[in-house]
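Quick notes on the structure that follows.
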Amino acid sequence: MKNIITQFSRIFVGILFIISGLIKLNDPIGFSYKLAEYFGEPVFNMPFLVPFAVALALFLVILEVVLGVMLLIGYKSKFTINSLLLLIVFFTFLTFYSAYFDVVKDCGCFGDALHLTPWQSFTKDVVLLFFILILFFNKKLIKPLFGNIIQSILVFASIVLCAFMGYWVINHLPLKDFRPYKVGTNIQKGMRIPDGAPKSVVEMVFIYKVNGVDKEFTEKDLMKIPVGATFVDRKDKVITEGYVPPIHDFVMEKDGSDYKDEFLQEPKLLMIVSYDLIHADKNGLLKLEKLNLEAKANGYKVIGMTASIPEDIEKTKKQFGFTFDFYFCDAISLKTIERANPSIVVLNHGTILQKVHHNDISNLKL
């Protein structure tokens with residue numbers, strides 16, 4: 001019986017680590033954004049790690065897949081199980097911290113393929129921890145499936161294949177797009193809220209300074225505010241989250257006006273997306289004006305989309321000779337549209353027809 005439970009745990013943990021790792025390896029840039037959230041000031045306040053987020057994301061997801069493979073084939077079982085235990089303890093701490101302090105809404109455990117709430121992520125990690133502990137206390141029952149040479153070849157091959165996959169998707173596009181802006185999506189439809197969809201329940205909270213200490217009061221408690229208390233702030237506390245459409249916070253703003261209703265009616269619209277022009281790939285930026293002229297010659301409306309400040313926009317336009325205008329959109333939305341900086345999106349009446357990395361501009365069909 002002990003052997004059956006141990007072998008089940010081995011298969012369950014190994015397969016789940018491989019699936020979870022491959023999903024994130026399909027989009028390591030997206031996972032790096034999640035790591036950057038953890039490194040940010042509201043969470044662990046370690047901004048010095050943000051520049052290394054992509055490298056750390058690649059290392060962690062490759063490690064996740066390779067450890068899953070090693071567990072399934074029984075390669076160096078003691079090292080493998082100890083590594084899995086350390087990894088899951090680390091992930092369990094992160095997901096608990098996210099859930100308890102409500103700082104990161106989605107840990108990115110399964111990328112954009114499956115969104116879990118913080119408490120769901122924590123529960124998933126606790127279940128994994130349970131099965132890994134079974135493996136930890138029964139290491140001797142984990143036997144290798146093949147001889148040493150074949151085992152080593154399989155592990156080496158998994159490392160090489162994962163490294164190649166990571167290199168490819170970073171320099172091109174994810175092999176499978178799970179995001180709300182995938183090809184075939186109509187942006188207008190993605191922003192609609194269905195009739196009868198649940199609405200958010202929000203409670204107003206008033207903050208007053210009482211005897212030098214900030215205290216919160218709900219609307220029901222307003223009569224309990226002591227005389228002499230000083231009003232500090234008011235905030236909205238979400239009691240129940242309502243329906244959130246797949247696409248939200250998408251705008252095309254310039255000079256205080258939103259042009260999305262107009263632009264999303266264009267039969268031929270080419271969007272050049274660069275959430276941060278200052279840190280955009282210079283080789284990619286050098287290709288954009290030529291693309292702009294070619295697209296306009298083929299009847300396209302060409303616009304840039306960025307979250308950069310006006311001064312950076314003007315500086316970049318002058319430096320690279322851009323003759324198209326840039327419109328503002330939130331950086332998170334632009335990062336969700338496409339991971340490359342810059343990237344190109346082609347739309348027809350708001351429906352996404354093509355998306356390409358700046359390395360693949362030659363693949364555009366205009």
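FYI, nothing fancy with the structure tokens labels: chains A, B, ... in order, residues from 1 per chain, ligands from 1 as they appear.
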
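Within 9 Å of segment 14-17 of chain A there are Ser9, Arg10, Ile11, Phe12, Ile19, Ser20, Gly21, Leu22, Glu64, Val65, Val66, Leu67, Gly68, Val69, Met70, Leu71, Leu72 and Leu128 of chain A, counting only C-alpha atoms and ignoring same-chain residues fewer than 2 positions away.
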
DSSP strand (DSSP E) selection over segment 56-253 of chain A, as a tab-separated table (two decimals) with N, CA and C atoms, in the first residue's frame:
```
chain	number	residue	atom	x	y	z
A	201	VAL	N	-19.80	44.08	-5.21
A	201	VAL	CA	-20.37	44.66	-4.00
A	201	VAL	C	-19.25	45.43	-3.31
A	202	VAL	N	-19.44	46.73	-3.20
A	202	VAL	CA	-18.39	47.60	-2.66
A	202	VAL	C	-18.89	48.31	-1.41
A	203	GLU	N	-18.03	48.36	-0.41
A	203	GLU	CA	-18.37	49.04	0.84
A	203	GLU	C	-17.44	50.24	1.01
A	204	MET	N	-18.03	51.40	1.31
A	204	MET	CA	-17.23	52.59	1.54
A	204	MET	C	-16.64	52.55	2.95
A	205	VAL	N	-15.35	52.83	3.02
A	205	VAL	CA	-14.66	52.84	4.30
A	205	VAL	C	-14.07	54.24	4.52
A	206	PHE	N	-14.35	54.81	5.68
A	206	PHE	CA	-13.87	56.15	6.00
A	206	PHE	C	-12.74	56.03	7.04
A	207	ILE	N	-11.67	56.75	6.79
A	207	ILE	CA	-10.52	56.71	7.68
A	207	ILE	C	-10.44	58.03	8.45
A	208	TYR	N	-10.44	57.90	9.76
A	208	TYR	CA	-10.34	59.08	10.63
A	208	TYR	C	-9.15	58.90	11.58
A	209	LYS	N	-8.52	59.99	11.88
A	209	LYS	CA	-7.43	59.97	12.86
A	209	LYS	C	-8.02	60.20	14.25
A	210	VAL	N	-7.89	59.16	15.09
A	210	VAL	CA	-8.43	59.22	16.45
A	210	VAL	C	-7.27	59.10	17.43
A	213	VAL	N	-4.10	58.06	15.85
A	213	VAL	CA	-4.07	56.76	15.18
A	213	VAL	C	-5.16	56.71	14.11
A	214	ASP	N	-4.80	56.23	12.88
A	214	ASP	CA	-5.78	56.10	11.81
A	214	ASP	C	-6.68	54.90	12.07
A	215	LYS	N	-7.99	55.14	12.08
A	215	LYS	CA	-8.95	54.06	12.28
A	215	LYS	C	-9.99	54.07	11.16
A	216	GLU	N	-10.46	52.87	10.80
A	216	GLU	CA	-11.43	52.73	9.71
A	216	GLU	C	-12.84	52.59	10.26
A	217	PHE	N	-13.79	53.24	9.56
A	217	PHE	CA	-15.20	53.17	9.93
A	217	PHE	C	-16.02	52.92	8.68
A	218	THR	N	-16.97	52.00	8.75
A	218	THR	CA	-17.89	51.78	7.65
A	218	THR	C	-19.04	52.77	7.77
A	230	THR	N	-10.34	63.45	13.19
A	230	THR	CA	-10.05	64.19	11.96
A	230	THR	C	-10.14	63.27	10.75
A	231	PHE	N	-10.92	63.69	9.74
A	231	PHE	CA	-11.07	62.90	8.52
A	231	PHE	C	-9.72	62.82	7.77
A	232	VAL	N	-9.35	61.61	7.33
A	232	VAL	CA	-8.09	61.41	6.63
A	232	VAL	C	-8.32	61.04	5.16
A	233	ASP	N	-9.18	60.03	4.94
A	233	ASP	CA	-9.36	59.54	3.57
A	233	ASP	C	-10.61	58.68	3.51
A	234	ARG	N	-11.02	58.37	2.26
A	234	ARG	CA	-12.12	57.44	2.03
A	234	ARG	C	-11.68	56.45	0.95
A	235	LYS	N	-11.98	55.18	1.14
A	235	LYS	CA	-11.62	54.18	0.15
A	235	LYS	C	-12.77	53.20	-0.03
A	236	ASP	N	-12.76	52.52	-1.16
A	236	ASP	CA	-13.79	51.52	-1.46
A	236	ASP	C	-13.22	50.13	-1.22
A	237	LYS	N	-13.89	49.35	-0.41
A	237	LYS	CA	-13.47	47.98	-0.10
A	237	LYS	C	-14.38	47.02	-0.86
A	238	VAL	N	-13.78	46.19	-1.72
A	238	VAL	CA	-14.55	45.24	-2.52
A	238	VAL	C	-14.91	44.04	-1.65
A	239	ILE	N	-16.20	43.86	-1.43
A	239	ILE	CA	-16.69	42.72	-0.63
A	239	ILE	C	-16.81	41.48	-1.52
A	240	THR	N	-17.43	41.66	-2.67
A	240	THR	CA	-17.59	40.58	-3.63
A	240	THR	C	-17.20	41.09	-5.01
A	253	GLU	N	-5.77	56.89	-25.96
A	253	GLU	CA	-5.93	58.29	-25.57
A	253	GLU	C	-4.84	59.18	-26.14
```

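The smallest atom-to-atom distance between Ser333 of chain A and any of A:Lys76, A:His172, A:Lys2, A:Arg179, using only C-alpha atoms, is found for A:Arg179.
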
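Proximity ranking of A:His349, A:Phe130, A:Thr92, A:Pro246 relative to Glu266 of chain A places A:His349 first, based on only C-alpha atoms.
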
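When the distance limit is 12 Å and only C-alpha atoms are what count, the residues near Ile361 of chain A, minus those fewer than 5 positions from it on the same chain, are His172, Leu173, Ile272, Asn283, Gly284, Leu285, Leu286, Lys287, Leu288, Glu289, Lys290, Leu291, Asn292, Glu294, Ala295, Ala340, Pro342, Ser343, Ile344, Val345, Val346, Gln354, Lys355, Val356 and Leu366 of chain A.
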
May I have the selected residues written with N, CA and C atoms, as an mmCIF file, in the first residue's frame?
```cif
data_model
loop_
_atom_site.group_PDB
_atom_site.id
_atom_site.type_symbol
_atom_site.label_atom_id
_atom_site.label_comp_id
_atom_site.auth_asym_id
_atom_site.auth_seq_id
_atom_site.Cartn_x
_atom_site.Cartn_y
_atom_site.Cartn_z
ATOM 1 N N HIS A 172 10.528 35.420 -30.251
ATOM 2 C CA HIS A 172 9.442 35.375 -31.234
ATOM 3 C C HIS A 172 8.117 35.562 -30.484
ATOM 4 N N LEU A 173 7.232 34.583 -30.546
ATOM 5 C CA LEU A 173 5.960 34.668 -29.841
ATOM 6 C C LEU A 173 5.741 33.396 -29.037
ATOM 7 N N ILE A 272 1.432 49.689 -33.565
ATOM 8 C CA ILE A 272 2.800 49.425 -33.124
ATOM 9 C C ILE A 272 2.812 49.593 -31.605
ATOM 10 N N ASN A 283 16.970 47.731 -32.136
ATOM 11 C CA ASN A 283 16.903 47.132 -33.473
ATOM 12 C C ASN A 283 15.466 47.026 -33.950
ATOM 13 N N GLY A 284 14.563 46.747 -33.012
ATOM 14 C CA GLY A 284 13.150 46.691 -33.373
ATOM 15 C C GLY A 284 12.616 48.057 -33.757
ATOM 16 N N LEU A 285 12.998 49.101 -33.009
ATOM 17 C CA LEU A 285 12.540 50.456 -33.317
ATOM 18 C C LEU A 285 13.042 50.929 -34.679
ATOM 19 N N LEU A 286 14.244 50.503 -35.056
ATOM 20 C CA LEU A 286 14.805 50.920 -36.348
ATOM 21 C C LEU A 286 14.002 50.417 -37.537
ATOM 22 N N LYS A 287 13.192 49.373 -37.340
ATOM 23 C CA LYS A 287 12.425 48.779 -38.442
ATOM 24 C C LYS A 287 11.044 49.422 -38.623
ATOM 25 N N LEU A 288 10.637 50.251 -37.653
ATOM 26 C CA LEU A 288 9.233 50.653 -37.604
ATOM 27 C C LEU A 288 8.828 51.698 -38.634
ATOM 28 N N GLU A 289 9.698 52.660 -38.937
ATOM 29 C CA GLU A 289 9.303 53.694 -39.898
ATOM 30 C C GLU A 289 9.154 53.097 -41.293
ATOM 31 N N LYS A 290 10.034 52.179 -41.653
ATOM 32 C CA LYS A 290 9.898 51.492 -42.947
ATOM 33 C C LYS A 290 8.587 50.720 -42.995
ATOM 34 N N LEU A 291 8.241 50.054 -41.900
ATOM 35 C CA LEU A 291 6.972 49.326 -41.826
ATOM 36 C C LEU A 291 5.802 50.292 -41.931
ATOM 37 N N ASN A 292 5.895 51.430 -41.263
ATOM 38 C CA ASN A 292 4.854 52.450 -41.306
ATOM 39 C C ASN A 292 4.577 52.890 -42.739
ATOM 40 N N GLU A 294 5.328 51.327 -45.542
ATOM 41 C CA GLU A 294 4.818 50.209 -46.335
ATOM 42 C C GLU A 294 3.338 49.958 -46.044
ATOM 43 N N ALA A 295 2.971 50.026 -44.756
ATOM 44 C CA ALA A 295 1.580 49.786 -44.376
ATOM 45 C C ALA A 295 0.665 50.875 -44.917
ATOM 46 N N ALA A 340 6.567 41.350 -26.622
ATOM 47 C CA ALA A 340 7.728 42.005 -27.223
ATOM 48 C C ALA A 340 7.596 43.518 -27.122
ATOM 49 N N PRO A 342 9.392 46.554 -29.186
ATOM 50 C CA PRO A 342 8.030 46.714 -29.679
ATOM 51 C C PRO A 342 7.476 45.450 -30.355
ATOM 52 N N SER A 343 6.174 45.497 -30.627
ATOM 53 C CA SER A 343 5.516 44.431 -31.373
ATOM 54 C C SER A 343 4.468 45.062 -32.287
ATOM 55 N N ILE A 344 3.922 44.267 -33.186
ATOM 56 C CA ILE A 344 2.983 44.790 -34.186
ATOM 57 C C ILE A 344 1.709 43.970 -34.157
ATOM 58 N N VAL A 345 0.561 44.682 -34.179
ATOM 59 C CA VAL A 345 -0.750 44.038 -34.171
ATOM 60 C C VAL A 345 -1.568 44.607 -35.325
ATOM 61 N N VAL A 346 -2.166 43.720 -36.108
ATOM 62 C CA VAL A 346 -2.994 44.130 -37.241
ATOM 63 C C VAL A 346 -4.451 43.796 -36.932
ATOM 64 N N GLN A 354 -3.419 39.608 -37.003
ATOM 65 C CA GLN A 354 -2.017 39.176 -36.918
ATOM 66 C C GLN A 354 -1.347 39.841 -35.714
ATOM 67 N N LYS A 355 -0.396 39.126 -35.148
ATOM 68 C CA LYS A 355 0.468 39.678 -34.090
ATOM 69 C C LYS A 355 1.864 39.144 -34.355
ATOM 70 N N VAL A 356 2.851 40.035 -34.354
ATOM 71 C CA VAL A 356 4.217 39.573 -34.580
ATOM 72 C C VAL A 356 5.196 40.295 -33.661
ATOM 73 N N LEU A 366 0.507 42.211 -45.339
ATOM 74 C CA LEU A 366 -0.214 43.475 -45.456
ATOM 75 C C LEU A 366 -0.977 43.543 -46.776
#
```

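For the pair atom CA of Val50 of chain A and atom CA of His279 of chain A, the separation is 13.8 Å.
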
**Message:** At a cut-off of 10 Å, using only C-alpha atoms, what residues contact Thr6 of chain A? Leave out same-chain residues fewer than 3 positions from it and give the result as a ChimeraX atom specification.
**Reply:** /A:1-3,9-12,131-139,141-142

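Those residues that approach segment 149-154 of chain A to within 9 Å, counting only C-alpha atoms, are Val69, Met70, Ile73, Gly74, Tyr75, Pro144, Leu145, Phe146, Gly147, Phe156, Ala157, Ser158 and Ile159 of chain A; same-chain residues fewer than 2 positions away are not listed.
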
Generate the output file for the selected residues, N, CA and C atoms, as a PDB file, in the first residue's frame.
```
ATOM      1  N   VAL A  69      10.644  15.845 -14.795  1.00  0.00           N
ATOM      2  CA  VAL A  69      11.164  14.739 -15.602  1.00  0.00           C
ATOM      3  C   VAL A  69      12.037  13.818 -14.754  1.00  0.00           C
ATOM      4  N   MET A  70      12.920  14.419 -13.964  1.00  0.00           N
ATOM      5  CA  MET A  70      13.820  13.639 -13.111  1.00  0.00           C
ATOM      6  C   MET A  70      13.044  12.766 -12.125  1.00  0.00           C
ATOM      7  N   ILE A  73      11.379   9.697 -14.041  1.00  0.00           N
ATOM      8  CA  ILE A  73      12.297   8.627 -14.466  1.00  0.00           C
ATOM      9  C   ILE A  73      13.157   8.113 -13.308  1.00  0.00           C
ATOM     10  N   GLY A  74      13.037   8.753 -12.139  1.00  0.00           N
ATOM     11  CA  GLY A  74      13.780   8.291 -10.974  1.00  0.00           C
ATOM     12  C   GLY A  74      15.253   8.619 -10.995  1.00  0.00           C
ATOM     13  N   TYR A  75      15.593   9.762 -11.564  1.00  0.00           N
ATOM     14  CA  TYR A  75      16.999  10.172 -11.684  1.00  0.00           C
ATOM     15  C   TYR A  75      17.431  10.892 -10.408  1.00  0.00           C
ATOM     16  N   PRO A 144      14.990   4.125 -10.311  1.00  0.00           N
ATOM     17  CA  PRO A 144      15.164   4.606 -11.694  1.00  0.00           C
ATOM     18  C   PRO A 144      14.482   3.678 -12.698  1.00  0.00           C
ATOM     19  N   LEU A 145      13.954   4.276 -13.771  1.00  0.00           N
ATOM     20  CA  LEU A 145      13.276   3.486 -14.797  1.00  0.00           C
ATOM     21  C   LEU A 145      14.240   2.924 -15.826  1.00  0.00           C
ATOM     22  N   PHE A 146      15.399   3.568 -16.000  1.00  0.00           N
ATOM     23  CA  PHE A 146      16.357   3.164 -17.037  1.00  0.00           C
ATOM     24  C   PHE A 146      17.764   3.106 -16.444  1.00  0.00           C
ATOM     25  N   GLY A 147      18.696   2.685 -17.263  1.00  0.00           N
ATOM     26  CA  GLY A 147      20.094   2.664 -16.851  1.00  0.00           C
ATOM     27  C   GLY A 147      20.656   4.063 -16.762  1.00  0.00           C
ATOM     28  N   PHE A 156      19.542  15.497 -19.760  1.00  0.00           N
ATOM     29  CA  PHE A 156      20.259  16.485 -20.572  1.00  0.00           C
ATOM     30  C   PHE A 156      19.381  16.979 -21.717  1.00  0.00           C
ATOM     31  N   ALA A 157      18.659  16.049 -22.361  1.00  0.00           N
ATOM     32  CA  ALA A 157      17.778  16.424 -23.482  1.00  0.00           C
ATOM     33  C   ALA A 157      16.672  17.356 -23.006  1.00  0.00           C
ATOM     34  N   SER A 158      16.115  17.101 -21.810  1.00  0.00           N
ATOM     35  CA  SER A 158      15.046  17.966 -21.302  1.00  0.00           C
ATOM     36  C   SER A 158      15.571  19.370 -21.023  1.00  0.00           C
ATOM     37  N   ILE A 159      16.806  19.465 -20.511  1.00  0.00           N
ATOM     38  CA  ILE A 159      17.398  20.788 -20.267  1.00  0.00           C
ATOM     39  C   ILE A 159      17.609  21.543 -21.570  1.00  0.00           C
TER      40      ILE A 159
END
```

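Coordinates place atom CA of Ala331 of chain A at a distance of 12.5 Å from atom CA of His248 of chain A.
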
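For the atom pair formed by atom CA of Asp330 of chain A and atom CA of Phe250 of chain A, the distance is 7.3 Å, given to one decimal.
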
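You can rank A:Gly321, A:Gly242, A:Gly304, A:Pro226 by their closest distance to Ser274 of chain A using only C-alpha atoms, and at the top of that list sits A:Gly304.
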
Pick out the residues sitting within 9 Å of Thr336 of chain A, and hand them over as a PDB file with N, CA, C and O atoms, in the first residue's frame; count only C-alpha atoms, and ignore anything fewer than 6 positions along from it in its own chain.
```
ATOM      1  N   GLY A  30       5.775  36.748 -19.435  1.00  0.00           N
ATOM      2  CA  GLY A  30       4.604  36.949 -18.592  1.00  0.00           C
ATOM      3  C   GLY A  30       4.875  36.538 -17.153  1.00  0.00           C
ATOM      4  O   GLY A  30       4.471  37.222 -16.213  1.00  0.00           O
ATOM      5  N   ARG A 179      -3.735  34.569 -23.936  1.00  0.00           N
ATOM      6  CA  ARG A 179      -4.125  35.886 -23.447  1.00  0.00           C
ATOM      7  C   ARG A 179      -5.435  36.370 -24.064  1.00  0.00           C
ATOM      8  O   ARG A 179      -5.878  35.858 -25.086  1.00  0.00           O
ATOM      9  N   PRO A 180      -6.073  37.387 -23.458  1.00  0.00           N
ATOM     10  CA  PRO A 180      -7.350  37.885 -23.979  1.00  0.00           C
ATOM     11  C   PRO A 180      -7.231  38.506 -25.369  1.00  0.00           C
ATOM     12  O   PRO A 180      -8.242  38.672 -26.044  1.00  0.00           O
ATOM     13  N   TYR A 181      -6.002  38.866 -25.786  1.00  0.00           N
ATOM     14  CA  TYR A 181      -5.803  39.535 -27.074  1.00  0.00           C
ATOM     15  C   TYR A 181      -5.244  38.584 -28.140  1.00  0.00           C
ATOM     16  O   TYR A 181      -4.512  39.009 -29.018  1.00  0.00           O
TER      17      TYR A 181
END
```
